[in-house]
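my_file.cif (mmCIF, C-alpha atoms) appears below.
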```cif
data_target
loop_
_atom_site.group_PDB
_atom_site.id
_atom_site.type_symbol
_atom_site.label_atom_id
_atom_site.label_comp_id
_atom_site.auth_asym_id
_atom_site.auth_seq_id
_atom_site.Cartn_x
_atom_site.Cartn_y
_atom_site.Cartn_z
ATOM 1 C CA MET A 1 88.735 43.562 -119.930
ATOM 2 C CA ASN A 2 90.539 40.623 -118.281
ATOM 3 C CA THR A 3 93.512 41.222 -120.548
ATOM 4 C CA TYR A 4 93.764 44.777 -119.245
ATOM 5 C CA TYR A 5 94.026 43.560 -115.632
ATOM 6 C CA ILE A 6 96.648 40.974 -116.554
ATOM 7 C CA VAL A 7 98.800 43.567 -118.335
ATOM 8 C CA VAL A 8 98.493 46.016 -115.430
ATOM 9 C CA THR A 9 99.452 43.274 -112.964
ATOM 10 C CA ILE A 10 102.511 42.287 -114.985
ATOM 11 C CA VAL A 11 103.627 45.922 -115.282
ATOM 12 C CA VAL A 12 103.210 46.520 -111.539
ATOM 13 C CA LEU A 13 105.130 43.333 -110.699
ATOM 14 C CA ALA A 14 107.918 44.361 -113.082
ATOM 15 C CA ILE A 15 108.173 47.788 -111.430
ATOM 16 C CA ILE A 16 108.306 46.197 -107.965
ATOM 17 C CA GLY A 17 110.962 43.740 -109.160
ATOM 18 C CA LEU A 18 113.108 46.536 -110.579
ATOM 19 C CA TRP A 19 112.725 48.514 -107.370
ATOM 20 C CA PHE A 20 113.908 45.549 -105.290
ATOM 21 C CA LEU A 21 116.813 45.068 -107.682
ATOM 22 C CA VAL A 22 117.928 48.672 -107.190
ATOM 23 C CA VAL A 23 117.440 48.571 -103.411
ATOM 24 C CA SER A 24 119.235 45.239 -103.033
ATOM 25 C CA LYS A 25 122.438 46.643 -104.537
ATOM 26 C CA ASN A 26 122.755 48.888 -101.501
ATOM 27 C CA ARG A 27 122.321 46.050 -99.013
ATOM 28 C CA LYS A 28 124.316 42.957 -98.252
ATOM 29 C CA ASN A 29 123.493 39.927 -100.323
ATOM 30 C CA ASP A 30 120.566 38.201 -98.579
ATOM 31 C CA ARG A 31 119.758 34.919 -100.266
ATOM 32 C CA LEU A 32 116.680 32.780 -99.938
ATOM 33 C CA THR A 33 117.084 29.692 -97.847
ATOM 34 C CA PRO A 34 116.246 26.434 -99.593
ATOM 35 C CA LEU A 35 113.140 26.111 -97.417
ATOM 36 C CA ALA A 36 111.960 29.608 -98.371
ATOM 37 C CA GLY A 37 112.557 28.795 -102.040
ATOM 38 C CA LEU A 38 110.506 25.642 -101.699
ATOM 39 C CA ALA A 39 107.725 27.595 -99.982
ATOM 40 C CA PHE A 40 107.742 30.166 -102.779
ATOM 41 C CA GLY A 41 107.635 27.413 -105.399
ATOM 42 C CA CYS A 42 104.699 25.693 -103.679
ATOM 43 C CA PHE A 43 102.825 28.976 -103.454
ATOM 44 C CA ILE A 44 103.364 29.719 -107.169
ATOM 45 C CA ALA A 45 102.328 26.149 -108.054
ATOM 46 C CA GLY A 46 99.161 26.673 -106.027
ATOM 47 C CA ILE A 47 98.359 29.790 -108.015
ATOM 48 C CA VAL A 48 99.062 28.051 -111.327
ATOM 49 C CA PHE A 49 97.037 24.920 -110.483
ATOM 50 C CA GLY A 50 94.352 26.759 -108.489
ATOM 51 C CA ASP A 51 91.483 26.660 -110.971
ATOM 52 C CA GLY A 52 89.026 25.331 -108.422
ATOM 53 C CA MET A 53 91.038 22.178 -107.942
ATOM 54 C CA PRO A 54 92.014 21.031 -104.454
ATOM 55 C CA PHE A 55 95.658 20.723 -105.558
ATOM 56 C CA GLY A 56 95.926 24.494 -105.789
ATOM 57 C CA TYR A 57 94.709 25.005 -102.239
ATOM 58 C CA ILE A 58 96.988 22.251 -100.955
ATOM 59 C CA PHE A 59 100.045 23.829 -102.607
ATOM 60 C CA ILE A 60 99.197 27.306 -101.274
ATOM 61 C CA GLY A 61 98.683 25.932 -97.763
ATOM 62 C CA LEU A 62 101.920 23.955 -97.949
ATOM 63 C CA GLY A 63 103.791 27.041 -99.115
ATOM 64 C CA ILE A 64 102.459 29.098 -96.224
ATOM 65 C CA ILE A 65 103.339 26.388 -93.700
ATOM 66 C CA LEU A 66 106.874 26.071 -95.099
ATOM 67 C CA ALA A 67 107.331 29.843 -95.001
ATOM 68 C CA LEU A 68 106.235 29.929 -91.352
ATOM 69 C CA VAL A 69 108.628 27.094 -90.470
ATOM 70 C CA ASP A 70 111.449 28.969 -92.203
ATOM 71 C CA MET A 71 110.635 32.171 -90.309
ATOM 72 C CA PHE A 72 110.706 30.358 -86.966
ATOM 73 C CA ARG A 73 114.013 28.679 -87.861
ATOM 74 C CA LYS A 74 115.576 32.021 -88.801
ATOM 75 C CA LYS A 75 114.321 33.593 -85.576
ATOM 76 C CA LYS A 76 116.402 31.212 -83.463
#
```

C-alpha cells encoding of this file:
Amino acid sequence: MNTYYIVVTIVVLAIIGLWFLVVSKNRKNDRLTPLAGLAFGCFIAGIVFGDGMPFGYIFIGLGIILALVDMFRKKK
C-alpha cells in the first residue's frame, strides 16, 4: 500500500512540474536566487535525512529560515 502512495505522489508532482513548465513559457524568465536554491536544497535534504534524526529537522528549519530571509531581501 505504501508503494501506491509513492507512485501517486510522483505522478502528481510530475503533472505539477509539467504545468509549471507550460505556464513559465508565457512569463518572463524568473530564476531562483542562490539563497532560494540553498533553502530548497536544505529543505529537500531535511526530507531525505528526516527518518527521526535531528539532522532532518535542522535542515528543514534551516531551509525555512533561508527562504524567509530571501523573501524579505526580495521585498526591499

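The space separating CA of Ile10 (chain A) from CA of Gly41 (chain A) comes to 18.4 Å.
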
List, as a CSV table (one decimal) with C-alpha atoms, in the frame of the given file, every residue that the PyMOL selection byres ((chain A and resi 64) around 12) selects in the file provided.
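Saved file out30.csv follows:
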```csv
chain,number,residue,atom,x,y,z
A,35,LEU,CA,113.1,26.1,-97.4
A,36,ALA,CA,112.0,29.6,-98.4
A,37,GLY,CA,112.6,28.8,-102.0
A,38,LEU,CA,110.5,25.6,-101.7
A,39,ALA,CA,107.7,27.6,-100.0
A,40,PHE,CA,107.7,30.2,-102.8
A,41,GLY,CA,107.6,27.4,-105.4
A,42,CYS,CA,104.7,25.7,-103.7
A,43,PHE,CA,102.8,29.0,-103.5
A,44,ILE,CA,103.4,29.7,-107.2
A,46,GLY,CA,99.2,26.7,-106.0
A,57,TYR,CA,94.7,25.0,-102.2
A,58,ILE,CA,97.0,22.3,-101.0
A,59,PHE,CA,100.0,23.8,-102.6
A,60,ILE,CA,99.2,27.3,-101.3
A,61,GLY,CA,98.7,25.9,-97.8
A,62,LEU,CA,101.9,24.0,-97.9
A,63,GLY,CA,103.8,27.0,-99.1
A,65,ILE,CA,103.3,26.4,-93.7
A,66,LEU,CA,106.9,26.1,-95.1
A,67,ALA,CA,107.3,29.8,-95.0
A,68,LEU,CA,106.2,29.9,-91.4
A,69,VAL,CA,108.6,27.1,-90.5
A,70,ASP,CA,111.4,29.0,-92.2
A,71,MET,CA,110.6,32.2,-90.3
```

Between CA of Val48 (chain A) and CA of Leu18 (chain A), distance in Å (one decimal): 23.2 Å

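Atom pair CA of Ile6 (chain A) / CA of Phe49 (chain A): separated by 17.2 Å.
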
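You can rank A:Met53, A:Thr33, A:Tyr4, A:Ile47 by their closest distance to Arg73 (chain A) using all atoms listed in the file, and at the top of that list sits A:Thr33.
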
With N, CA and C atoms as the goal, would you fill in the gaps in region 10-23 of chain A and present it as a compact mmCIF listing (two decimals), in the frame of the given file?
```txt
# COMPACT_ATOMS: atom_id res chain seq x y z
N ILE A 10 101.15 42.59 -114.56
CA ILE A 10 102.51 42.29 -114.98
C ILE A 10 103.39 43.53 -114.92
N VAL A 11 102.86 44.68 -115.34
CA VAL A 11 103.63 45.92 -115.28
C VAL A 11 103.94 46.30 -113.84
N VAL A 12 102.98 46.18 -112.95
CA VAL A 12 103.21 46.52 -111.54
C VAL A 12 104.24 45.58 -110.93
N LEU A 13 104.15 44.28 -111.21
CA LEU A 13 105.13 43.33 -110.70
C LEU A 13 106.53 43.61 -111.25
N ALA A 14 106.62 44.02 -112.50
CA ALA A 14 107.92 44.36 -113.08
C ALA A 14 108.52 45.59 -112.40
N ILE A 15 107.69 46.58 -112.12
CA ILE A 15 108.17 47.79 -111.43
C ILE A 15 108.65 47.44 -110.02
N ILE A 16 107.90 46.61 -109.31
CA ILE A 16 108.31 46.20 -107.96
C ILE A 16 109.60 45.40 -108.02
N GLY A 17 109.73 44.51 -109.00
CA GLY A 17 110.96 43.74 -109.16
C GLY A 17 112.17 44.62 -109.43
N LEU A 18 112.01 45.61 -110.31
CA LEU A 18 113.11 46.54 -110.58
C LEU A 18 113.47 47.36 -109.35
N TRP A 19 112.47 47.75 -108.58
CA TRP A 19 112.72 48.51 -107.37
C TRP A 19 113.53 47.68 -106.37
N PHE A 20 113.15 46.41 -106.19
CA PHE A 20 113.91 45.55 -105.29
C PHE A 20 115.32 45.31 -105.81
N LEU A 21 115.49 45.25 -107.11
CA LEU A 21 116.81 45.07 -107.68
C LEU A 21 117.70 46.26 -107.37
N VAL A 22 117.16 47.46 -107.48
CA VAL A 22 117.93 48.67 -107.19
C VAL A 22 118.23 48.77 -105.70
N VAL A 23 117.25 48.48 -104.86
CA VAL A 23 117.44 48.57 -103.41
C VAL A 23 118.41 47.51 -102.92
```
